[in-house]
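**Q** The structure follows.
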Amino acid sequence: MSNSEVMEKIISLCKRRGFIFPGSEIYSGVGGIYDYGPLGVELKNNLKKEWWRNMVWEREEIVGLDSAIIMNRRVWEASGHVAAFTDPLVECRRCHQRFREDELPKLPIEKKEKMIDETKEKKSKQELLYIERAEVFCPNCHSPINLNIDEPRQFNLLMKTQLGVLEDEKNETFLRGETCQGIYVNFINILNSMRTKIPFGIAQIGKAFRNEITPGNFTFRMREFEQMEMQYFIKPEAKIAEKWFSFWKKERMDWYLSLGFSKEKLRFREHAPDERAHYAKAAFDIEYSAPFGWKEFEGIHNRGDWDLSRHSQFSGKDLTYFDEESHTKFTPWIIETSAGADRSTLFFLIDAYDEETVGKEKRVVLRLHPKIAPIKAAIFPLVKNVKLVKIAQKIAADLKSKWPIFYDESGSIGRRYRRQDEVGTPFGITVDFDSLEDKKVTVRNRDSLKQERVNVLEIKDYLENKIEAR
Ligand code: ATP
């Protein structure tokens with residue numbers, strides 16, 4: 001299967017089976033905006049719930065927050081976004097489309113030589129000079145682009161919005177471009193209300209908005225997306241920062257692996273100093289080997305004291321921390337883990353996608369970890385017999401109070417299994433005529449295809465052990 005085929009299959013599966021739909025589709029959609037369907041919302045919610053459990057519930061020193069999407073405009077001035085939250089873009093001279101420099105493909109030598117020959121015939125000296133030094137070309141119209149002449153320029157990515165009915169500059173603010181700013185502006189509130197002691201963290205999951213110039217690769221680059229961010233406040237010392245930075249790198253990678261990602265498809269990539277964001281002292285990405293290349297879906301950054309110092313300067317409020325042990329006051333440094341809920345959902349889907357032949361039949365199977373699978377179990381009466389249906393419906397009703405469960409009595413049993421394999425349901429439970437006698441049902445495992453007889457009264461515990469196993 002080629003890489004583009006994989007993406008086509010994922011996108012089609014997502015639409016056909018209710019995971020992800022293009023936003024406002026009946027109006028021809030909006031670029032970079034998507035809606036999650038019934039199965040997609042379960043999958044993404046599971047992922048967020050697992051993140052929250054791991055980051056907040058299971059740790060003594062991390063607390064949660066849900067700050068507003070709209071903040072005082074000054075927040076974005078302090079954060080540097082109004083001035084610097086931009087992607088430098090290159091504009092193609094011919095088609096006037098704009099691209100990030102790193103999206104421009106290299107111009108092959110043969111192609112360049114051919115263009116030079118053609119231009120020589122036209123005798124346009126200026127054009128010739130332009131092509132001779134061009135290293136890349138436009139992905140849209142294939143014209144050569146000379147970055148020595150057409151340098152990347154800045155465009156702001158923050159989405160503007162208006163507060164109140166009066167349309168003047170005073171009322172203008174932004175939809176948040178990242179969730180972490182809501183954490184910094186609540187630093188003192190959390191300190192005072194929770195009596196937290198350094199080191200401690202604040203975690204938040206929420207929407208962020210960016211006017212991405214070239215949204216694409218399905219939900220990889222969106223204009224409205226969700227982040228799962230945690231800011232860890234530490235003493236302002238390089239050694240301590242290094243220690244926590246390594247700690248969080250490992251923790252985050254281990255978390256993805258614990259949810260079933262293929263190890264060989266994940267890697268860390270360190271940012272070169274000139275690539276780092278304006279605030280970062282150190283930055284590593286966790287990348288996934290997607291069909292469209294190695295791509296970031298989480299960043300781990302040492303932000304130093306940049307954020308709290310800036311907010312203190314812009315708000316005029318004291319955002320220092322008093323350390324009772326050493327009787328000193330300081331501005332804490334921050335180690336941040338910043339993950340995308342949509343990107344990781346997409347990568348979990350891609351990683352889980354599999355096709356195989358069982359017997360003579362092809363089956364598509366999403367090998368999602370049971371913890372994140374949208375439906376935990378499907379219940380089938382073998383045939384539409386009143387007695388079997390009654391038992392199956394009772395089991396389904398009983399399990400539904402705990403998990404999303406799917407009941408299906410239509411079509412052949414093989415077809416019903418395949419429909420559930422395709423959406424990643426880890427367990428298929430079939431009630432057959434033997435069940436009437438032995439009070440047991442057959443549980444089929446999605447991955448191994450092994451079947452086990454389990455007592456009806458024990459089915460809940462059985463699933464609980466398999467799904468919640470740590
Ligand atoms: P990129 O270089 O791909 O634009 P970034 O470095 O700007 O990403 P961060 O600001 O570090 O990303 O955001 C942290 C995480 O938020 C990313 O790793 C990603 O998972 C998610 N994210 C950022 N921008 C988008 C987007 N446009 N669509 C979906 N997820 C995004």
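Letters A, B, ... mark the chains of the structure tokens in the order given; residue numbers begin at 1 per chain; ligand numbers begin at 1, in order shown.
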Which residues are near ligand 1 - at most 9 Å, using only C-alpha atoms and all ligand atoms? Format: as a ChimeraX atom specification.
**A** /A:32,87,177-178,208-212,215-216,219-229,276-277,285-287,295-301,337-344
**Q** Determine, counting only C-alpha atoms, which protein, DNA and RNA residues have an atom within 10 Å of an atom of Thr425 of chain A; residues of the same chain fewer than 3 positions away are not included. Present the result as an NGL selection string.
**A** :A and (365-370 or 372-378 or 405-406 or 417-422 or 428 or 445-447)
**Q** What does the distance between atom CA of Ile10 of chain A and atom CA of Ile350 of chain A come to in Å, to one decimal place?
**A**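 So the answer is 6.9 Å.
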**Q** Find the spatial neighbours of segment 236-239 of chain A, counting only C-alpha atoms, within a cut-off of 9 Å - ignore same-chain residues fewer than 4 positions away - and output them as a VMD selection string.
**A** chain A and resid 243 to 244 304 to 305 330 to 334
**Q** With C-alpha atoms retained, write the just-selected residues as a PDB file, in the first residue's frame.
**A**
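Result saved to selection30.pdb:
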```pdb
ATOM      1  CA  LYS A 243      16.697  16.925  35.200  1.00  0.00           C
ATOM      2  CA  TRP A 244      12.994  17.734  34.763  1.00  0.00           C
ATOM      3  CA  GLY A 304      12.879  29.364  31.235  1.00  0.00           C
ATOM      4  CA  ASP A 305      11.294  32.309  33.062  1.00  0.00           C
ATOM      5  CA  PHE A 330      12.362  33.899  42.398  1.00  0.00           C
ATOM      6  CA  THR A 331      10.556  33.629  39.090  1.00  0.00           C
ATOM      7  CA  PRO A 332      10.147  29.904  38.423  1.00  0.00           C
ATOM      8  CA  TRP A 333      11.271  28.331  35.193  1.00  0.00           C
ATOM      9  CA  ILE A 334       8.844  26.250  33.197  1.00  0.00           C
TER      10      ILE A 334
END
```
**Q** Check the DSSP output for the backbone and give back, as a list in words, the residues of segment 363-428 of chain A in strand (DSSP E or B).
**A**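 Taking segment 363-428 of chain A and keeping strand (DSSP E or B) only, one gets Arg363, Val364, Val365, Leu366, Ala377, Ala378, Ile379, Phe380, Pro381, Ile405, Phe406, Tyr407, Phe427 and Gly428 of chain A.
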**Q** Please compute the atom CA of Asn455 of chain A-atom CA of Ala469 of chain A distance, one decimal, in Å.
**A**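 Interatomic distance, atom CA of Asn455 of chain A to atom CA of Ala469 of chain A: 19.9 Å.
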**Q** Which residues come within 9 Å of segment 18-30 of chain A, counting only C-alpha atoms, excluding same-chain residues fewer than 6 positions away, as a list in words?
**A**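 Within the cut-off, the hits are Ile11, Tyr36, Gly37, Pro38, Leu39, Gly40, Val41, Glu42, Leu43, Phe218, Thr219 and Val423 of chain A.
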**Q** Can you check which residues of segment 353-434 of chain A DSSP gives as alpha helix (DSSP H) on the backbone and send them as a list in words?
**A**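 Taking segment 353-434 of chain A and keeping alpha helix (DSSP H) gives Val386, Lys387, Leu388, Val389, Lys390, Ile391, Ala392, Gln393, Lys394, Ile395, Ala396, Ala397, Asp398, Leu399, Lys400, Ile413, Gly414, Arg415, Arg416, Tyr417, Arg418, Arg419, Gln420, Asp421, Glu422, Phe433 and Asp434 of chain A.
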**Q** Which residues of segment 30-137 of chain A come within 10 Å of segment 309-319 of chain A, and for each one, what is the closest pair of atoms and their distance in Å to one decimal, counting only C-alpha atoms, sorted by chain and residue number, as JSON lines?
**A**
```
{"residue": "A:Arg74", "atom": "CA", "partner": "A:Phe314", "partner_atom": "CA", "distance": 7.4}
{"residue": "A:Val75", "atom": "CA", "partner": "A:His311", "partner_atom": "CA", "distance": 7.3}
{"residue": "A:Trp76", "atom": "CA", "partner": "A:His311", "partner_atom": "CA", "distance": 9.7}
{"residue": "A:Glu77", "atom": "CA", "partner": "A:Phe314", "partner_atom": "CA", "distance": 8.2}
{"residue": "A:Ala78", "atom": "CA", "partner": "A:Arg310", "partner_atom": "CA", "distance": 5.5}
{"residue": "A:Ser79", "atom": "CA", "partner": "A:Arg310", "partner_atom": "CA", "distance": 6.8}
{"residue": "A:Gly80", "atom": "CA", "partner": "A:Arg310", "partner_atom": "CA", "distance": 8.7}
```
**Q** Would you list the contacts of segment 48-54 of chain A as a list in words, taking every protein, DNA or RNA residue within 9 Å and counting only C-alpha atoms, but skipping same-chain residues closer than 2 positions in sequence?
**A** Leu43, Lys44, Asn45, Asn46, Val56, Trp57, Glu58, Arg59, Gly64, Ala203, Gln204, Ile205, Met228, Trp255, Ala341, Lys371 and Ile372 of chain A
**Q** Let's have the selection written as a PDB file, in the first residue's frame, with N, CA, C and O atoms.
**A**
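Below is the file that was written, again24.pdb:
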```pdb
ATOM      1  N   LEU A  43     -13.302   8.324  20.696  1.00  0.00           N
ATOM      2  CA  LEU A  43     -11.862   8.076  20.623  1.00  0.00           C
ATOM      3  C   LEU A  43     -11.073   9.255  21.204  1.00  0.00           C
ATOM      4  O   LEU A  43     -10.186   9.086  22.051  1.00  0.00           O
ATOM      5  N   LYS A  44     -11.426  10.461  20.751  1.00  0.00           N
ATOM      6  CA  LYS A  44     -10.680  11.635  21.223  1.00  0.00           C
ATOM      7  C   LYS A  44     -10.921  11.870  22.721  1.00  0.00           C
ATOM      8  O   LYS A  44      -9.989  12.192  23.458  1.00  0.00           O
ATOM      9  N   ASN A  45     -12.160  11.668  23.172  1.00  0.00           N
ATOM     10  CA  ASN A  45     -12.440  11.817  24.608  1.00  0.00           C
ATOM     11  C   ASN A  45     -11.640  10.809  25.427  1.00  0.00           C
ATOM     12  O   ASN A  45     -11.145  11.133  26.507  1.00  0.00           O
ATOM     13  N   ASN A  46     -11.531   9.582  24.918  1.00  0.00           N
ATOM     14  CA  ASN A  46     -10.764   8.566  25.653  1.00  0.00           C
ATOM     15  C   ASN A  46      -9.310   8.983  25.801  1.00  0.00           C
ATOM     16  O   ASN A  46      -8.689   8.813  26.847  1.00  0.00           O
ATOM     17  N   VAL A  56      -2.917  14.329  35.805  1.00  0.00           N
ATOM     18  CA  VAL A  56      -3.492  15.019  36.972  1.00  0.00           C
ATOM     19  C   VAL A  56      -3.824  14.037  38.108  1.00  0.00           C
ATOM     20  O   VAL A  56      -3.286  14.155  39.210  1.00  0.00           O
ATOM     21  N   TRP A  57      -4.674  13.050  37.845  1.00  0.00           N
ATOM     22  CA  TRP A  57      -5.143  12.185  38.928  1.00  0.00           C
ATOM     23  C   TRP A  57      -4.000  11.396  39.559  1.00  0.00           C
ATOM     24  O   TRP A  57      -3.977  11.214  40.764  1.00  0.00           O
ATOM     25  N   GLU A  58      -3.096  10.900  38.705  1.00  0.00           N
ATOM     26  CA  GLU A  58      -2.085   9.996  39.250  1.00  0.00           C
ATOM     27  C   GLU A  58      -0.880  10.708  39.847  1.00  0.00           C
ATOM     28  O   GLU A  58       0.062  10.072  40.277  1.00  0.00           O
ATOM     29  N   ARG A  59      -0.883  12.034  39.817  1.00  0.00           N
ATOM     30  CA  ARG A  59       0.280  12.739  40.355  1.00  0.00           C
ATOM     31  C   ARG A  59      -0.143  13.673  41.487  1.00  0.00           C
ATOM     32  O   ARG A  59      -1.159  14.356  41.394  1.00  0.00           O
ATOM     33  N   GLY A  64      -5.357  20.526  37.785  1.00  0.00           N
ATOM     34  CA  GLY A  64      -5.994  20.827  36.498  1.00  0.00           C
ATOM     35  C   GLY A  64      -6.529  22.252  36.428  1.00  0.00           C
ATOM     36  O   GLY A  64      -6.629  22.952  37.441  1.00  0.00           O
ATOM     37  N   ALA A 203      -2.177  21.538  34.524  1.00  0.00           N
ATOM     38  CA  ALA A 203      -2.499  20.866  33.261  1.00  0.00           C
ATOM     39  C   ALA A 203      -3.811  21.396  32.717  1.00  0.00           C
ATOM     40  O   ALA A 203      -4.735  21.714  33.480  1.00  0.00           O
ATOM     41  N   GLN A 204      -3.909  21.465  31.420  1.00  0.00           N
ATOM     42  CA  GLN A 204      -5.144  21.957  30.808  1.00  0.00           C
ATOM     43  C   GLN A 204      -5.343  21.328  29.423  1.00  0.00           C
ATOM     44  O   GLN A 204      -4.392  21.146  28.671  1.00  0.00           O
ATOM     45  N   ILE A 205      -6.617  21.022  29.134  1.00  0.00           N
ATOM     46  CA  ILE A 205      -6.970  20.550  27.791  1.00  0.00           C
ATOM     47  C   ILE A 205      -7.962  21.545  27.219  1.00  0.00           C
ATOM     48  O   ILE A 205      -8.910  21.935  27.908  1.00  0.00           O
ATOM     49  N   MET A 228      -3.348  19.505  24.678  1.00  0.00           N
ATOM     50  CA  MET A 228      -3.287  18.958  26.044  1.00  0.00           C
ATOM     51  C   MET A 228      -1.931  19.419  26.561  1.00  0.00           C
ATOM     52  O   MET A 228      -0.900  18.908  26.139  1.00  0.00           O
ATOM     53  N   TRP A 255       4.206   7.246  27.892  1.00  0.00           N
ATOM     54  CA  TRP A 255       2.741   7.273  27.885  1.00  0.00           C
ATOM     55  C   TRP A 255       2.197   6.845  26.522  1.00  0.00           C
ATOM     56  O   TRP A 255       1.288   6.028  26.432  1.00  0.00           O
ATOM     57  N   ALA A 341      -4.309  17.072  20.714  1.00  0.00           N
ATOM     58  CA  ALA A 341      -5.273  15.962  20.847  1.00  0.00           C
ATOM     59  C   ALA A 341      -5.692  15.453  19.469  1.00  0.00           C
ATOM     60  O   ALA A 341      -5.899  14.254  19.279  1.00  0.00           O
ATOM     61  N   LYS A 371      -8.209   0.758  25.846  1.00  0.00           N
ATOM     62  CA  LYS A 371      -8.510   1.966  26.634  1.00  0.00           C
ATOM     63  C   LYS A 371      -9.011   3.105  25.765  1.00  0.00           C
ATOM     64  O   LYS A 371      -9.767   3.959  26.223  1.00  0.00           O
ATOM     65  N   ILE A 372      -8.540   3.177  24.523  1.00  0.00           N
ATOM     66  CA  ILE A 372      -8.964   4.314  23.697  1.00  0.00           C
ATOM     67  C   ILE A 372      -9.981   3.924  22.620  1.00  0.00           C
ATOM     68  O   ILE A 372     -10.552   4.792  21.965  1.00  0.00           O
TER      69      ILE A 372
END
```
**Q** Could you please determine the separation between atom CA of Ser412 of chain A and atom CA of Phe380 of chain A in Å, to one decimal place?
**A**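 One can read the atom CA of Ser412 of chain A to atom CA of Phe380 of chain A distance as 10.2 Å.
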**Q** Pick out the closest residue to Leu346 of chain A from this set: A:Lys329, A:Met55, A:Phe261, A:Lys197. Count only C-alpha atoms.
**A**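 Looking at the shortest contact to Leu346 of chain A, the residue is A:Phe261.
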**Q** Counting only C-alpha atoms, which residue out of A:Ile213, A:Ala396, A:Ile335, A:Lys387 sits closest to Gly31 of chain A?
**A** A:Ile213
